[in-house]
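See below for query36.cif, which holds mmCIF, C-alpha atoms, pLDDT in the B column; chains and numbers go by the auth columns.
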data_model
#
loop_
_atom_site.group_PDB
_atom_site.id
_atom_site.type_symbol
_atom_site.label_atom_id
_atom_site.label_comp_id
_atom_site.label_asym_id
_atom_site.label_seq_id
_atom_site.Cartn_x
_atom_site.Cartn_y
_atom_site.Cartn_z
_atom_site.B_iso_or_equiv
_atom_site.auth_seq_id
_atom_site.auth_asym_id
ATOM 1 C CA MET A 1 179.502 267.801 34.025 53.00 1 X
ATOM 2 C CA LYS A 2 177.129 265.753 31.880 63.00 2 X
ATOM 3 C CA LYS A 3 175.034 267.780 29.455 67.00 3 X
ATOM 4 C CA ALA A 4 171.256 267.274 29.540 70.00 4 X
ATOM 5 C CA HIS A 5 169.758 265.413 26.628 84.00 5 X
ATOM 6 C CA ARG A 6 167.604 267.144 24.062 92.00 6 X
ATOM 7 C CA PHE A 7 165.661 266.158 20.965 94.00 7 X
ATOM 8 C CA TYR A 8 166.449 267.258 17.434 94.00 8 X
ATOM 9 C CA GLY A 9 162.932 268.555 16.999 92.00 9 X
ATOM 10 C CA HIS A 10 159.532 268.094 18.563 89.00 10 X
ATOM 11 C CA GLY A 11 160.547 264.945 20.448 89.00 11 X
ATOM 12 C CA ILE A 12 158.026 262.435 21.758 89.00 12 X
ATOM 13 C CA PRO A 13 154.825 263.579 23.490 88.00 13 X
ATOM 14 C CA GLY A 14 155.010 262.957 27.222 88.00 14 X
ATOM 15 C CA ILE A 15 158.781 262.339 27.250 89.00 15 X
ATOM 16 C CA LYS A 16 160.944 265.010 28.826 88.00 16 X
ATOM 17 C CA ALA A 17 164.505 265.115 27.527 86.00 17 X
ATOM 18 C CA GLU A 18 165.891 265.890 30.979 85.00 18 X
ATOM 19 C CA ALA A 19 164.565 262.507 32.183 86.00 19 X
ATOM 20 C CA LEU A 20 166.964 260.692 29.856 90.00 20 X
ATOM 21 C CA GLY A 21 169.915 260.105 32.140 90.00 21 X
ATOM 22 C CA GLY A 22 171.954 257.557 30.197 93.00 22 X
ATOM 23 C CA ARG A 23 174.370 257.942 27.324 95.00 23 X
ATOM 24 C CA LEU A 24 173.665 257.554 23.618 96.00 24 X
ATOM 25 C CA ILE A 25 176.719 256.660 21.525 97.00 25 X
ATOM 26 C CA VAL A 26 176.385 256.211 17.763 97.00 26 X
ATOM 27 C CA VAL A 27 178.782 254.448 15.396 97.00 27 X
ATOM 28 C CA GLU A 28 178.037 255.229 11.750 97.00 28 X
ATOM 29 C CA GLY A 29 179.542 253.902 8.541 95.00 29 X
ATOM 30 C CA ALA A 30 178.804 251.916 5.415 93.00 30 X
ATOM 31 C CA ASP A 31 178.599 248.131 5.209 90.00 31 X
ATOM 32 C CA GLY A 32 182.197 246.972 5.315 92.00 32 X
ATOM 33 C CA SER A 33 183.416 249.895 7.410 95.00 33 X
ATOM 34 C CA GLY A 34 183.923 247.643 10.435 94.00 34 X
ATOM 35 C CA ARG A 35 181.089 249.326 12.270 94.00 35 X
ATOM 36 C CA SER A 36 179.370 246.208 13.652 91.00 36 X
ATOM 37 C CA THR A 37 182.690 244.689 14.728 93.00 37 X
ATOM 38 C CA GLN A 38 183.480 247.835 16.675 96.00 38 X
ATOM 39 C CA ILE A 39 180.062 247.791 18.368 95.00 39 X
ATOM 40 C CA VAL A 40 180.649 244.231 19.631 94.00 40 X
ATOM 41 C CA GLU A 41 184.087 245.145 20.983 96.00 41 X
ATOM 42 C CA LEU A 42 182.788 248.308 22.620 97.00 42 X
ATOM 43 C CA VAL A 43 179.909 246.476 24.309 95.00 43 X
ATOM 44 C CA ASN A 44 182.325 243.907 25.753 95.00 44 X
ATOM 45 C CA TRP A 45 184.646 246.649 26.963 96.00 45 X
ATOM 46 C CA LEU A 46 181.884 248.721 28.566 96.00 46 X
ATOM 47 C CA GLU A 47 180.138 245.825 30.265 95.00 47 X
ATOM 48 C CA THR A 48 183.425 244.441 31.565 95.00 48 X
ATOM 49 C CA SER A 49 183.956 247.893 33.071 92.00 49 X
ATOM 50 C CA GLY A 50 180.613 247.601 34.860 93.00 50 X
ATOM 51 C CA ARG A 51 178.646 249.856 32.496 94.00 51 X
ATOM 52 C CA PRO A 52 175.186 248.419 31.607 94.00 52 X
ATOM 53 C CA THR A 53 174.784 248.620 27.846 96.00 53 X
ATOM 54 C CA VAL A 54 171.997 248.202 25.294 96.00 54 X
ATOM 55 C CA GLN A 55 172.437 247.777 21.531 95.00 55 X
ATOM 56 C CA VAL A 56 170.170 249.066 18.790 96.00 56 X
ATOM 57 C CA GLY A 57 170.528 249.352 15.024 93.00 57 X
ATOM 58 C CA LEU A 58 168.748 249.402 11.702 89.00 58 X
ATOM 59 C CA LYS A 59 166.091 246.779 10.941 86.00 59 X
ATOM 60 C CA ARG A 60 165.952 245.458 14.513 87.00 60 X
ATOM 61 C CA SER A 61 162.406 246.446 15.382 86.00 61 X
ATOM 62 C CA THR A 62 160.160 243.525 16.310 80.00 62 X
ATOM 63 C CA LEU A 63 157.315 245.469 14.705 78.00 63 X
ATOM 64 C CA VAL A 64 158.492 245.846 11.102 80.00 64 X
ATOM 65 C CA SER A 65 162.021 244.467 10.621 73.00 65 X
ATOM 66 C CA ALA A 66 160.892 241.169 9.084 78.00 66 X
ATOM 67 C CA GLU A 67 158.465 242.908 6.732 78.00 67 X
ATOM 68 C CA LEU A 68 161.092 245.471 5.748 76.00 68 X
ATOM 69 C CA GLU A 69 163.606 242.737 4.946 74.00 69 X
ATOM 70 C CA LYS A 70 161.042 240.902 2.848 78.00 70 X
ATOM 71 C CA ALA A 71 160.063 244.059 0.986 72.00 71 X
ATOM 72 C CA GLN A 72 163.680 244.941 0.245 72.00 72 X
ATOM 73 C CA ASN A 73 164.363 241.503 -1.141 73.00 73 X
ATOM 74 C CA GLY A 74 161.806 242.226 -3.854 65.00 74 X
ATOM 75 C CA ASN A 75 163.768 245.320 -4.969 58.00 75 X
ATOM 76 C CA VAL A 76 160.533 247.158 -5.779 65.00 76 X
ATOM 77 C CA LEU A 77 160.150 249.677 -2.935 72.00 77 X
ATOM 78 C CA SER A 78 159.640 253.315 -3.858 82.00 78 X
ATOM 79 C CA ARG A 79 161.924 255.830 -2.171 86.00 79 X
ATOM 80 C CA THR A 80 159.101 257.174 0.019 89.00 80 X
ATOM 81 C CA THR A 81 157.916 253.725 1.098 87.00 81 X
ATOM 82 C CA LEU A 82 161.496 252.709 1.912 85.00 82 X
ATOM 83 C CA SER A 83 161.997 255.905 3.914 89.00 83 X
ATOM 84 C CA LEU A 84 158.825 255.453 5.958 91.00 84 X
ATOM 85 C CA PHE A 85 159.571 251.763 6.555 88.00 85 X
ATOM 86 C CA TYR A 86 162.917 252.654 8.113 90.00 86 X
ATOM 87 C CA ALA A 87 161.409 255.561 10.051 93.00 87 X
ATOM 88 C CA THR A 88 158.851 253.171 11.571 93.00 88 X
ATOM 89 C CA ASP A 89 161.618 250.715 12.463 92.00 89 X
ATOM 90 C CA PHE A 90 163.505 253.522 14.208 95.00 90 X
ATOM 91 C CA ALA A 91 160.449 254.912 16.013 94.00 91 X
ATOM 92 C CA ASP A 92 159.555 251.482 17.389 93.00 92 X
ATOM 93 C CA GLN A 93 163.061 250.947 18.778 95.00 93 X
ATOM 94 C CA LEU A 94 163.113 254.486 20.115 96.00 94 X
ATOM 95 C CA GLY A 95 159.924 254.042 22.117 93.00 95 X
ATOM 96 C CA ASN A 96 160.549 250.496 23.308 94.00 96 X
ATOM 97 C CA ILE A 97 164.325 250.302 23.760 95.00 97 X
ATOM 98 C CA ILE A 98 166.238 253.576 23.485 96.00 98 X
ATOM 99 C CA ILE A 99 164.085 255.827 25.675 95.00 99 X
ATOM 100 C CA PRO A 100 163.571 253.234 28.471 96.00 100 X
ATOM 101 C CA ALA A 101 167.293 252.421 28.497 96.00 101 X
ATOM 102 C CA LEU A 102 168.304 256.071 28.719 96.00 102 X
ATOM 103 C CA LYS A 103 165.784 256.646 31.503 94.00 103 X
ATOM 104 C CA ALA A 104 167.362 253.732 33.383 95.00 104 X
ATOM 105 C CA GLY A 105 170.829 255.236 33.008 94.00 105 X
ATOM 106 C CA PHE A 106 172.139 252.694 30.487 96.00 106 X
ATOM 107 C CA ILE A 107 174.650 253.362 27.736 96.00 107 X
ATOM 108 C CA VAL A 108 172.886 252.859 24.407 97.00 108 X
ATOM 109 C CA LEU A 109 175.235 251.883 21.563 97.00 109 X
ATOM 110 C CA SER A 110 173.594 252.425 18.215 97.00 110 X
ATOM 111 C CA ASP A 111 174.879 250.560 15.170 96.00 111 X
ATOM 112 C CA ARG A 112 173.915 253.453 12.841 96.00 112 X
ATOM 113 C CA TYR A 113 171.227 255.986 13.628 97.00 113 X
ATOM 114 C CA ILE A 114 169.021 258.507 11.835 97.00 114 X
ATOM 115 C CA TYR A 115 171.995 259.875 9.890 97.00 115 X
ATOM 116 C CA THR A 116 172.320 256.832 7.626 96.00 116 X
ATOM 117 C CA LEU A 117 168.573 256.946 7.005 96.00 117 X
ATOM 118 C CA MET A 118 168.692 260.639 6.141 96.00 118 X
ATOM 119 C CA ALA A 119 171.775 260.256 3.934 96.00 119 X
ATOM 120 C CA ARG A 120 170.148 257.417 2.011 95.00 120 X
ATOM 121 C CA ASP A 121 167.032 259.489 1.465 95.00 121 X
ATOM 122 C CA LEU A 122 168.953 262.621 0.499 95.00 122 X
ATOM 123 C CA VAL A 123 170.924 260.852 -2.230 96.00 123 X
ATOM 124 C CA ARG A 124 167.569 259.600 -3.527 94.00 124 X
ATOM 125 C CA GLY A 125 166.252 263.142 -3.800 94.00 125 X
ATOM 126 C CA MET A 126 164.052 263.325 -0.707 94.00 126 X
ATOM 127 C CA ASP A 127 163.307 266.745 0.791 95.00 127 X
ATOM 128 C CA ALA A 128 165.766 267.703 3.544 94.00 128 X
ATOM 129 C CA ALA A 129 163.213 269.713 5.549 95.00 129 X
ATOM 130 C CA TRP A 130 160.735 266.829 5.467 95.00 130 X
ATOM 131 C CA LEU A 131 163.414 264.441 6.738 95.00 131 X
ATOM 132 C CA LYS A 132 164.460 266.825 9.505 94.00 132 X
ATOM 133 C CA ASN A 133 160.865 266.984 10.703 95.00 133 X
ATOM 134 C CA LEU A 134 160.384 263.214 10.359 95.00 134 X
ATOM 135 C CA TYR A 135 163.325 262.535 12.663 96.00 135 X
ATOM 136 C CA GLY A 136 162.552 265.347 15.091 95.00 136 X
ATOM 137 C CA ILE A 137 161.617 262.582 17.545 95.00 137 X
ATOM 138 C CA ALA A 138 165.258 261.513 17.861 96.00 138 X
ATOM 139 C CA PRO A 139 167.335 262.322 20.950 96.00 139 X
ATOM 140 C CA VAL A 140 170.635 264.061 20.211 95.00 140 X
ATOM 141 C CA PRO A 141 173.446 261.537 20.887 96.00 141 X
ATOM 142 C CA ASP A 142 176.290 262.248 23.279 95.00 142 X
ATOM 143 C CA ALA A 143 178.756 261.278 20.541 96.00 143 X
ATOM 144 C CA VAL A 144 178.613 260.207 16.896 97.00 144 X
ATOM 145 C CA PHE A 145 181.561 258.480 15.223 97.00 145 X
ATOM 146 C CA TYR A 146 181.554 258.004 11.458 97.00 146 X
ATOM 147 C CA LEU A 147 183.947 255.304 10.255 97.00 147 X
ATOM 148 C CA SER A 148 185.218 256.668 6.974 95.00 148 X
ATOM 149 C CA VAL A 149 186.448 254.050 4.489 95.00 149 X
ATOM 150 C CA GLU A 150 187.281 254.604 0.839 93.00 150 X
ATOM 151 C CA PRO A 151 184.632 253.136 -1.536 93.00 151 X
ATOM 152 C CA ALA A 152 187.216 250.926 -3.283 92.00 152 X
ATOM 153 C CA GLU A 153 188.165 249.409 0.077 93.00 153 X
ATOM 154 C CA LEU A 154 184.489 248.919 0.950 93.00 154 X
ATOM 155 C CA VAL A 155 184.039 246.896 -2.249 93.00 155 X
ATOM 156 C CA GLN A 156 186.847 244.537 -1.320 93.00 156 X
ATOM 157 C CA ARG A 157 185.623 244.092 2.237 93.00 157 X
ATOM 158 C CA ASN A 158 182.054 243.377 1.158 90.00 158 X
ATOM 159 C CA LEU A 159 183.103 240.913 -1.537 91.00 159 X
ATOM 160 C CA SER A 160 185.414 239.065 0.840 89.00 160 X
ATOM 161 C CA LYS A 161 182.601 238.766 3.373 86.00 161 X
ATOM 162 C CA GLN A 162 179.607 237.991 1.174 83.00 162 X
ATOM 163 C CA ALA A 163 181.012 237.374 -2.328 82.00 163 X
ATOM 164 C CA THR A 164 178.353 239.757 -3.637 86.00 164 X
ATOM 165 C CA LEU A 165 177.272 243.377 -3.369 91.00 165 X
ATOM 166 C CA ASP A 166 173.928 244.327 -1.842 89.00 166 X
ATOM 167 C CA TYR A 167 171.355 245.805 -4.230 89.00 167 X
ATOM 168 C CA TRP A 168 170.429 248.726 -1.975 89.00 168 X
ATOM 169 C CA GLU A 169 173.929 249.412 -0.643 91.00 169 X
ATOM 170 C CA SER A 170 175.020 249.594 -4.278 93.00 170 X
ATOM 171 C CA GLY A 171 172.306 252.120 -5.126 93.00 171 X
ATOM 172 C CA MET A 172 171.067 249.960 -7.976 92.00 172 X
ATOM 173 C CA ASP A 173 167.591 251.475 -7.620 90.00 173 X
ATOM 174 C CA LEU A 174 169.044 254.845 -8.673 92.00 174 X
ATOM 175 C CA GLY A 175 170.121 253.713 -12.129 92.00 175 X
ATOM 176 C CA LEU A 176 173.671 255.006 -11.677 95.00 176 X
ATOM 177 C CA SER A 177 175.138 252.150 -13.710 95.00 177 X
ATOM 178 C CA ARG A 178 174.095 248.754 -15.009 94.00 178 X
ATOM 179 C CA ASP A 179 177.267 247.342 -13.482 95.00 179 X
ATOM 180 C CA VAL A 180 176.761 246.680 -9.757 94.00 180 X
ATOM 181 C CA PHE A 181 180.469 247.206 -9.027 93.00 181 X
ATOM 182 C CA ASP A 182 180.511 250.655 -10.639 96.00 182 X
ATOM 183 C CA SER A 183 177.140 251.550 -9.115 96.00 183 X
ATOM 184 C CA PHE A 184 178.442 250.623 -5.651 95.00 184 X
ATOM 185 C CA LEU A 185 181.433 252.938 -6.015 95.00 185 X
ATOM 186 C CA GLN A 186 179.288 255.832 -7.205 96.00 186 X
ATOM 187 C CA TYR A 187 176.615 255.308 -4.563 96.00 187 X
ATOM 188 C CA GLN A 188 179.039 255.030 -1.656 95.00 188 X
ATOM 189 C CA ALA A 189 180.830 258.176 -2.823 95.00 189 X
ATOM 190 C CA ARG A 190 177.484 259.988 -2.777 96.00 190 X
ATOM 191 C CA MET A 191 176.743 258.653 0.699 96.00 191 X
ATOM 192 C CA GLN A 192 180.094 259.906 1.971 95.00 192 X
ATOM 193 C CA ASN A 193 179.411 263.326 0.473 95.00 193 X
ATOM 194 C CA ALA A 194 176.008 263.376 2.193 95.00 194 X
ATOM 195 C CA PHE A 195 177.651 262.613 5.549 95.00 195 X
ATOM 196 C CA LYS A 196 180.245 265.321 5.000 94.00 196 X
ATOM 197 C CA ALA A 197 177.475 267.813 4.231 93.00 197 X
ATOM 198 C CA MET A 198 175.510 266.797 7.336 92.00 198 X
ATOM 199 C CA GLN A 199 178.590 267.018 9.548 91.00 199 X
ATOM 200 C CA LYS A 200 178.185 270.794 9.699 86.00 200 X
ATOM 201 C CA THR A 201 174.727 270.346 11.238 89.00 201 X
ATOM 202 C CA TYR A 202 175.157 267.227 13.335 91.00 202 X
ATOM 203 C CA GLY A 203 178.809 267.373 14.340 88.00 203 X
ATOM 204 C CA PHE A 204 180.017 263.873 13.487 91.00 204 X
ATOM 205 C CA GLU A 205 183.522 262.850 14.455 94.00 205 X
ATOM 206 C CA PHE A 206 185.153 261.258 11.427 95.00 206 X
ATOM 207 C CA VAL A 207 187.329 258.249 12.273 96.00 207 X
ATOM 208 C CA ASP A 208 189.718 256.714 9.734 96.00 208 X
ATOM 209 C CA GLY A 209 188.234 253.259 9.170 96.00 209 X
ATOM 210 C CA ASN A 210 190.863 252.241 6.616 94.00 210 X
ATOM 211 C CA ARG A 211 193.129 251.176 9.505 95.00 211 X
ATOM 212 C CA SER A 212 193.162 247.897 11.408 94.00 212 X
ATOM 213 C CA ALA A 213 190.181 247.072 13.628 95.00 213 X
ATOM 214 C CA SER A 214 192.370 247.239 16.735 97.00 214 X
ATOM 215 C CA ALA A 215 193.662 250.717 15.872 97.00 215 X
ATOM 216 C CA VAL A 216 190.126 251.987 15.277 97.00 216 X
ATOM 217 C CA ASN A 217 188.938 250.399 18.518 97.00 217 X
ATOM 218 C CA ARG A 218 191.682 252.066 20.543 97.00 218 X
ATOM 219 C CA GLU A 219 190.673 255.456 19.194 97.00 219 X
ATOM 220 C CA LEU A 220 186.972 254.855 19.849 97.00 220 X
ATOM 221 C CA ARG A 221 187.628 253.701 23.410 97.00 221 X
ATOM 222 C CA LYS A 222 189.662 256.818 24.098 96.00 222 X
ATOM 223 C CA LYS A 223 186.984 259.107 22.725 96.00 223 X
ATOM 224 C CA ILE A 224 184.123 257.304 24.492 96.00 224 X
ATOM 225 C CA SER A 225 186.044 257.278 27.768 95.00 225 X
ATOM 226 C CA SER A 226 186.226 261.042 27.531 93.00 226 X
ATOM 227 C CA VAL A 227 182.442 261.228 27.024 92.00 227 X
ATOM 228 C CA ILE A 228 181.406 258.926 29.857 90.00 228 X
ATOM 229 C CA SER A 229 183.973 260.361 32.291 84.00 229 X
ATOM 230 C CA GLN A 230 181.775 263.455 32.461 73.00 230 X
ATOM 231 C CA ASP A 231 179.141 261.523 34.457 65.00 231 X
#
Once more with this new file: its structure as structure tokens, please.
Amino acid sequence: MKKAHRFYGHGIPGIKAEALGGRLIVVEGADGSGRSTQIVELVNWLETSGRPTVQVGLKRSTLVSAELEKAQNGNVLSRTTLSLFYATDFADQLGNIIIPALKAGFIVLSDRYIYTLMARDLVRGMDAAWLKNLYGIAPVPDAVFYLSVEPAELVQRNLSKQATLDYWESGMDLGLSRDVFDSFLQYQARMQNAFKAMQKTYGFEFVDGNRSASAVNRELRKKISSVISQD
């Protein structure tokens, strides 16, 4: 039997969790983990099976995504401003896409969720209690899969795709190292440690992302099938 949805905290005024009848599936992981590729494959699989699906992800809000991208390109955002920018992006998608889709009984596939935002903020020294309250509006997903890939492998995947490493995904704002390569390795290791620490609270399922995309996809399909079969 399908479990009723609930919020992590105070939720959204006027929205009852029991009215959210769809499914919320989250795929987490760093850039280069194969996360976005898996989302595309999962959407095709679900929709071919007759399951209406909606996609969401970071920096996709029509309200602030363009401004957030522009601000990040300047590499001058403070940690608090960056945190609130992303929180606004999430809140806008939550109110305009996620909640309506769940009410309509859709499967919502999220290409990262509040966990990446919290992990990023935690490694930058933000207060954990403040973050928990900030994201108390978030519905608890039906399943969360974290694609775990070794930092050294992430470097190779990112360089083969873009021939450069992203400033923020390398944690260059933290002053870990003047060398972007070394900073990337250190930052991604910290991010993985943050996810491992949060697993105790949020119950992520770790999936070995070092394998081929097809092997990862087979495992995700099996796990998601088990979740949606409870409907």
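Straight-line separation from CA of Gly203 in chain X to CA of Val144 in chain X: 7.6 Å.
Here CA of Gln192 in chain X and CA of Ile99 in chain X stand 28.9 Å from one another.
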For the interface of range 157-186 of chain X with range 32-43 of chain X (cut-off 12 Å, counting all atoms listed in the file), please tabulate each contacting residue of range 157-186 of chain X alongside its nearest pair of atoms and their separation in Å to one decimal, rows sorted by chain and increasing number, as a Markdown table.
| residue | atom | partner | partner_atom | distance |
| --- | --- | --- | --- | --- |
| X:Arg157 | CA | X:Gly32 | CA | 5.4 |
| X:Asn158 | CA | X:Gly32 | CA | 5.5 |
| X:Leu159 | CA | X:Gly32 | CA | 9.2 |
| X:Ser160 | CA | X:Gly32 | CA | 9.6 |
| X:Lys161 | CA | X:Gly32 | CA | 8.4 |
| X:Gln162 | CA | X:Gly32 | CA | 10.2 |
| X:Leu165 | CA | X:Gly32 | CA | 10.6 |
| X:Asp166 | CA | X:Gly32 | CA | 11.3 |
| X:Glu169 | CA | X:Gly32 | CA | 10.5 |
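Taking all atoms listed in the file into account, Gln72 in chain X lies nearest to X:Tyr167 out of the set X:Tyr167, X:Ala119, X:Ala152, X:Thr201.
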**Message:** Neighbouring residues of range 130-140 of chain X were defined as those with any atom within 9 Å, considering all atoms listed in the file; residues of the same chain fewer than 3 positions away were excluded. Please report them as number ranges by chain.
**Reply:** X: 5-12, 17, 24, 87, 90-91, 94, 99, 114, 118, 121-122, 126-127, 143, 202
**Request:** Find the residues near Leu82 in chain X: any atom within 10 Å, counting all atoms listed in the file, skip ones fewer than 4 places away on the same chain, and give them as an MDAnalysis selection string.
**Result:** chainID X and resid 68 71:72 76:78 86:87 117 120:121
**Message:** For a cutoff of 10 Å around the file-coordinate point (190.4, 253.7, 12.6), which residues qualify once you count all atoms listed in the file? I'd like the result as a PyMOL selection string.
**Reply:** chain X and resi 33-34+38+146-149+206-220
Can I get range 128-157 of chain X with N, CA and C atoms filled in, as a compact mmCIF listing (two decimals), in the frame of the given file?
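The result, written out as out.txt:
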# COMPACT_ATOMS: atom_id res chain seq x y z
N ALA X 128 165.00 267.63 2.30
CA ALA X 128 165.77 267.70 3.54
C ALA X 128 164.92 268.20 4.72
N ALA X 129 164.06 269.18 4.48
CA ALA X 129 163.21 269.71 5.55
C ALA X 129 162.22 268.67 6.03
N TRP X 130 161.68 267.90 5.11
CA TRP X 130 160.74 266.83 5.47
C TRP X 130 161.43 265.79 6.33
N LEU X 131 162.65 265.42 5.97
CA LEU X 131 163.41 264.44 6.74
C LEU X 131 163.76 264.97 8.13
N LYS X 132 164.13 266.22 8.21
CA LYS X 132 164.46 266.82 9.51
C LYS X 132 163.26 266.78 10.43
N ASN X 133 162.08 267.04 9.90
CA ASN X 133 160.86 266.98 10.70
C ASN X 133 160.51 265.55 11.08
N LEU X 134 160.69 264.63 10.13
CA LEU X 134 160.38 263.21 10.36
C LEU X 134 161.18 262.66 11.53
N TYR X 135 162.45 263.05 11.61
CA TYR X 135 163.32 262.54 12.66
C TYR X 135 163.50 263.52 13.82
N GLY X 136 162.55 264.43 13.96
CA GLY X 136 162.55 265.35 15.09
C GLY X 136 162.27 264.64 16.41
N ILE X 137 161.87 263.38 16.34
CA ILE X 137 161.62 262.58 17.55
C ILE X 137 162.91 262.05 18.16
N ALA X 138 164.01 262.15 17.44
CA ALA X 138 165.26 261.51 17.86
C ALA X 138 166.01 262.31 18.92
N PRO X 139 166.47 261.65 19.99
CA PRO X 139 167.34 262.32 20.95
C PRO X 139 168.70 262.62 20.31
N VAL X 140 169.30 263.72 20.70
CA VAL X 140 170.64 264.06 20.21
C VAL X 140 171.64 263.17 20.95
N PRO X 141 172.47 262.41 20.23
CA PRO X 141 173.45 261.54 20.89
C PRO X 141 174.52 262.33 21.64
N ASP X 142 175.17 261.64 22.56
CA ASP X 142 176.29 262.25 23.28
C ASP X 142 177.55 262.26 22.42
N ALA X 143 177.62 261.32 21.47
CA ALA X 143 178.76 261.28 20.54
C ALA X 143 178.36 260.48 19.32
N VAL X 144 178.85 260.92 18.16
CA VAL X 144 178.61 260.21 16.90
C VAL X 144 179.94 260.03 16.18
N PHE X 145 180.31 258.78 15.90
CA PHE X 145 181.56 258.48 15.22
C PHE X 145 181.25 257.86 13.86
N TYR X 146 181.75 258.51 12.82
CA TYR X 146 181.55 258.00 11.46
C TYR X 146 182.84 257.35 10.98
N LEU X 147 182.78 256.04 10.73
CA LEU X 147 183.95 255.30 10.26
C LEU X 147 184.07 255.51 8.75
N SER X 148 185.02 256.30 8.38
CA SER X 148 185.22 256.67 6.97
C SER X 148 186.17 255.69 6.29
N VAL X 149 185.66 255.03 5.26
CA VAL X 149 186.45 254.05 4.49
C VAL X 149 186.27 254.35 3.01
N GLU X 150 187.35 254.32 2.27
CA GLU X 150 187.28 254.60 0.84
C GLU X 150 186.37 253.59 0.13
N PRO X 151 185.54 254.04 -0.83
CA PRO X 151 184.63 253.14 -1.54
C PRO X 151 185.31 251.91 -2.14
N ALA X 152 186.51 252.07 -2.69
CA ALA X 152 187.22 250.93 -3.28
C ALA X 152 187.55 249.88 -2.23
N GLU X 153 187.89 250.33 -1.02
CA GLU X 153 188.16 249.41 0.08
C GLU X 153 186.88 248.74 0.56
N LEU X 154 185.78 249.49 0.56
CA LEU X 154 184.49 248.92 0.95
C LEU X 154 184.09 247.78 0.02
N VAL X 155 184.34 247.96 -1.27
CA VAL X 155 184.04 246.90 -2.25
C VAL X 155 184.76 245.61 -1.88
N GLN X 156 186.05 245.72 -1.63
CA GLN X 156 186.85 244.54 -1.32
C GLN X 156 186.38 243.87 -0.03
N ARG X 157 186.07 244.66 0.96
CA ARG X 157 185.62 244.09 2.24
C ARG X 157 184.28 243.38 2.09
